[in-house]
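A.B. asks: Before we start, here is the structure in question, set down as structure tokens.
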Amino acid sequence: MAGSAPTPRLRTTVAAEDYLEKIEQLISRKGYARVVDIAAELKISQASVTAMVQKLDGEGFVKYEKYRGMVLTSTGLEVARRIAHRHQLLTDFLGVIGVGDEKIIYDDVEGMEHHISPETFRAIEALTRYLEKNPGVMTKVSAAAKSAK
Ligand code: CA
């Protein structure tokens, strides 16, 4: 990357983001992430996982060594943490506005976490924090959502 240009927004696909998120979860949980573990958790073949991990290595998101597993680069970690933060916040948000079904919340969040703009995310984050600090308002919002069914 040349000179003093501003850092470009990281361009990542949905699949790449899900891989980085999963690698980070595995490393946090077990201390390492292996192709076999990622394949099991994402329900994808080991050959596909290997190809994707090699691609992510080529793009600078992970460092992959065939027999030693992989680590996230600082850029990879940044993407993984951004997605994990979005996942948690959007889960909280759907909960506080009265979406009661955990499966619906999970499935919606899995899509939203990749597609939401930073601007909209910040607005939802601010609203979620506000609702959490104002349980009276939260109760009314959640009741309105439930009665709209
Ligand atoms: Ca995800």
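Labeling convention for the structure tokens: chains A, B, ... as they appear, residues from 1 per chain, ligands from 1 in order of appearance.
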Per residue of chain A within 9 Å of ligand 1, note the shortest atom pair and the distance in Å to one decimal, counting only C-alpha atoms and all ligand atoms, and order the rows by chain and increasing residue number, as JSON lines.
C.D. replies:
```
{"residue": "A:Val14", "atom": "CA", "partner": "ligand 1", "partner_atom_place_in_ligand_line": "1 (Ca)", "distance": 8.1}
{"residue": "A:Ala15", "atom": "CA", "partner": "ligand 1", "partner_atom_place_in_ligand_line": "1 (Ca)", "distance": 8.6}
{"residue": "A:Glu17", "atom": "CA", "partner": "ligand 1", "partner_atom_place_in_ligand_line": "1 (Ca)", "distance": 7.1}
{"residue": "A:Asp18", "atom": "CA", "partner": "ligand 1", "partner_atom_place_in_ligand_line": "1 (Ca)", "distance": 4.7}
{"residue": "A:Tyr19", "atom": "CA", "partner": "ligand 1", "partner_atom_place_in_ligand_line": "1 (Ca)", "distance": 8.1}
{"residue": "A:Glu21", "atom": "CA", "partner": "ligand 1", "partner_atom_place_in_ligand_line": "1 (Ca)", "distance": 6.6}
{"residue": "A:Lys22", "atom": "CA", "partner": "ligand 1", "partner_atom_place_in_ligand_line": "1 (Ca)", "distance": 7.7}
{"residue": "A:Ile83", "atom": "CA", "partner": "ligand 1", "partner_atom_place_in_ligand_line": "1 (Ca)", "distance": 7.1}
{"residue": "A:Ala84", "atom": "CA", "partner": "ligand 1", "partner_atom_place_in_ligand_line": "1 (Ca)", "distance": 7.8}
{"residue": "A:His87", "atom": "CA", "partner": "ligand 1", "partner_atom_place_in_ligand_line": "1 (Ca)", "distance": 7.2}
{"residue": "A:Val109", "atom": "CA", "partner": "ligand 1", "partner_atom_place_in_ligand_line": "1 (Ca)", "distance": 7.7}
{"residue": "A:Glu110", "atom": "CA", "partner": "ligand 1", "partner_atom_place_in_ligand_line": "1 (Ca)", "distance": 4.8}
{"residue": "A:Gly111", "atom": "CA", "partner": "ligand 1", "partner_atom_place_in_ligand_line": "1 (Ca)", "distance": 7.5}
{"residue": "A:Glu113", "atom": "CA", "partner": "ligand 1", "partner_atom_place_in_ligand_line": "1 (Ca)", "distance": 6.9}
{"residue": "A:His114", "atom": "CA", "partner": "ligand 1", "partner_atom_place_in_ligand_line": "1 (Ca)", "distance": 7.6}
```
A.B. asks: List as an MDAnalysis selection string the protein and nucleic acid residues near region 55-69 of chain A, meaning an atom at most 8 Å away when only C-alpha atoms are counted, but skip any in the same chain fewer than 2 places from it.
C.D. replies: chainID A and resid 16 20 32:35 51:53 71:77
A.B. asks: Those residues you just picked out, can you put them in a file as a PDB file, in the first residue's frame with N, CA and C atoms?
C.D. replies:
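To be explicit, this is the file written out as part-v9.pdb:
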```pdb
ATOM      1  N   ALA A  16     -15.641 -14.576   3.514  1.00  0.00           N
ATOM      2  CA  ALA A  16     -14.371 -14.250   4.176  1.00  0.00           C
ATOM      3  C   ALA A  16     -14.623 -13.770   5.603  1.00  0.00           C
ATOM      4  N   LEU A  20     -13.212 -15.495   9.019  1.00  0.00           N
ATOM      5  CA  LEU A  20     -12.367 -14.769   9.978  1.00  0.00           C
ATOM      6  C   LEU A  20     -13.014 -14.772  11.360  1.00  0.00           C
ATOM      7  N   TYR A  32      -6.154 -22.432  19.130  1.00  0.00           N
ATOM      8  CA  TYR A  32      -5.698 -22.617  17.754  1.00  0.00           C
ATOM      9  C   TYR A  32      -6.909 -22.848  16.861  1.00  0.00           C
ATOM     10  N   ALA A  33      -6.691 -22.691  15.561  1.00  0.00           N
ATOM     11  CA  ALA A  33      -7.753 -22.982  14.590  1.00  0.00           C
ATOM     12  C   ALA A  33      -7.150 -23.871  13.517  1.00  0.00           C
ATOM     13  N   ARG A  34      -7.732 -25.031  13.334  1.00  0.00           N
ATOM     14  CA  ARG A  34      -7.256 -25.935  12.287  1.00  0.00           C
ATOM     15  C   ARG A  34      -8.320 -26.030  11.192  1.00  0.00           C
ATOM     16  N   VAL A  35      -7.872 -26.393   9.993  1.00  0.00           N
ATOM     17  CA  VAL A  35      -8.790 -26.541   8.869  1.00  0.00           C
ATOM     18  C   VAL A  35      -9.928 -27.502   9.225  1.00  0.00           C
ATOM     19  N   ALA A  51      -8.768 -24.072   0.584  1.00  0.00           N
ATOM     20  CA  ALA A  51      -8.698 -23.101  -0.519  1.00  0.00           C
ATOM     21  C   ALA A  51      -8.992 -21.686  -0.021  1.00  0.00           C
ATOM     22  N   MET A  52     -10.031 -21.573   0.833  1.00  0.00           N
ATOM     23  CA  MET A  52     -10.394 -20.248   1.346  1.00  0.00           C
ATOM     24  C   MET A  52      -9.310 -19.692   2.258  1.00  0.00           C
ATOM     25  N   VAL A  53      -8.753 -20.548   3.091  1.00  0.00           N
ATOM     26  CA  VAL A  53      -7.721 -20.079   4.017  1.00  0.00           C
ATOM     27  C   VAL A  53      -6.477 -19.629   3.234  1.00  0.00           C
ATOM     28  N   VAL A  71      -2.871 -18.256  12.033  1.00  0.00           N
ATOM     29  CA  VAL A  71      -3.137 -17.145  12.949  1.00  0.00           C
ATOM     30  C   VAL A  71      -3.730 -16.006  12.120  1.00  0.00           C
ATOM     31  N   LEU A  72      -4.477 -15.137  12.788  1.00  0.00           N
ATOM     32  CA  LEU A  72      -5.000 -13.954  12.112  1.00  0.00           C
ATOM     33  C   LEU A  72      -3.925 -12.881  12.096  1.00  0.00           C
ATOM     34  N   THR A  73      -3.817 -12.149  10.990  1.00  0.00           N
ATOM     35  CA  THR A  73      -2.969 -10.963  10.986  1.00  0.00           C
ATOM     36  C   THR A  73      -3.729  -9.855  11.724  1.00  0.00           C
ATOM     37  N   SER A  74      -3.096  -8.719  11.940  1.00  0.00           N
ATOM     38  CA  SER A  74      -3.815  -7.649  12.643  1.00  0.00           C
ATOM     39  C   SER A  74      -5.027  -7.195  11.830  1.00  0.00           C
ATOM     40  N   THR A  75      -4.904  -7.202  10.505  1.00  0.00           N
ATOM     41  CA  THR A  75      -6.052  -6.838   9.655  1.00  0.00           C
ATOM     42  C   THR A  75      -7.160  -7.878   9.774  1.00  0.00           C
ATOM     43  N   GLY A  76      -6.774  -9.147   9.769  1.00  0.00           N
ATOM     44  CA  GLY A  76      -7.752 -10.220   9.916  1.00  0.00           C
ATOM     45  C   GLY A  76      -8.470 -10.142  11.256  1.00  0.00           C
ATOM     46  N   LEU A  77      -7.707  -9.835  12.280  1.00  0.00           N
ATOM     47  CA  LEU A  77      -8.281  -9.715  13.622  1.00  0.00           C
ATOM     48  C   LEU A  77      -9.265  -8.547  13.688  1.00  0.00           C
TER      49      LEU A  77
END
```
A.B. asks: Tell me, as a ChimeraX atom specification, which residues lie within 12 Å of Val96 (chain A), counting only C-alpha atoms; anything in the same chain fewer than 3 positions away does not count.
C.D. replies: /A:89-93,99-100,105,124-125,127-146
A.B. asks: Looking at only C-alpha atoms, which of A:Ala123, A:Ala148, A:Ile38, A:Ile104 is the one that sits closest to Ile23 (chain A)?
C.D. replies: A:Ile38
A.B. asks: Which is closest to Leu94 (chain A) among A:Leu42, A:Met112, A:Ala80, A:Ile27, if we use only C-alpha atoms?
C.D. replies: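 Comparing A:Leu42, A:Met112, A:Ala80, A:Ile27 against Leu94 (chain A), the winner is A:Met112.
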A.B. asks: CA of Lys103 (chain A) to CA of His85 (chain A): how many Å, to one decimal?
C.D. replies: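 Going from CA of Lys103 (chain A) over to CA of His85 (chain A), I get 18.8 Å.
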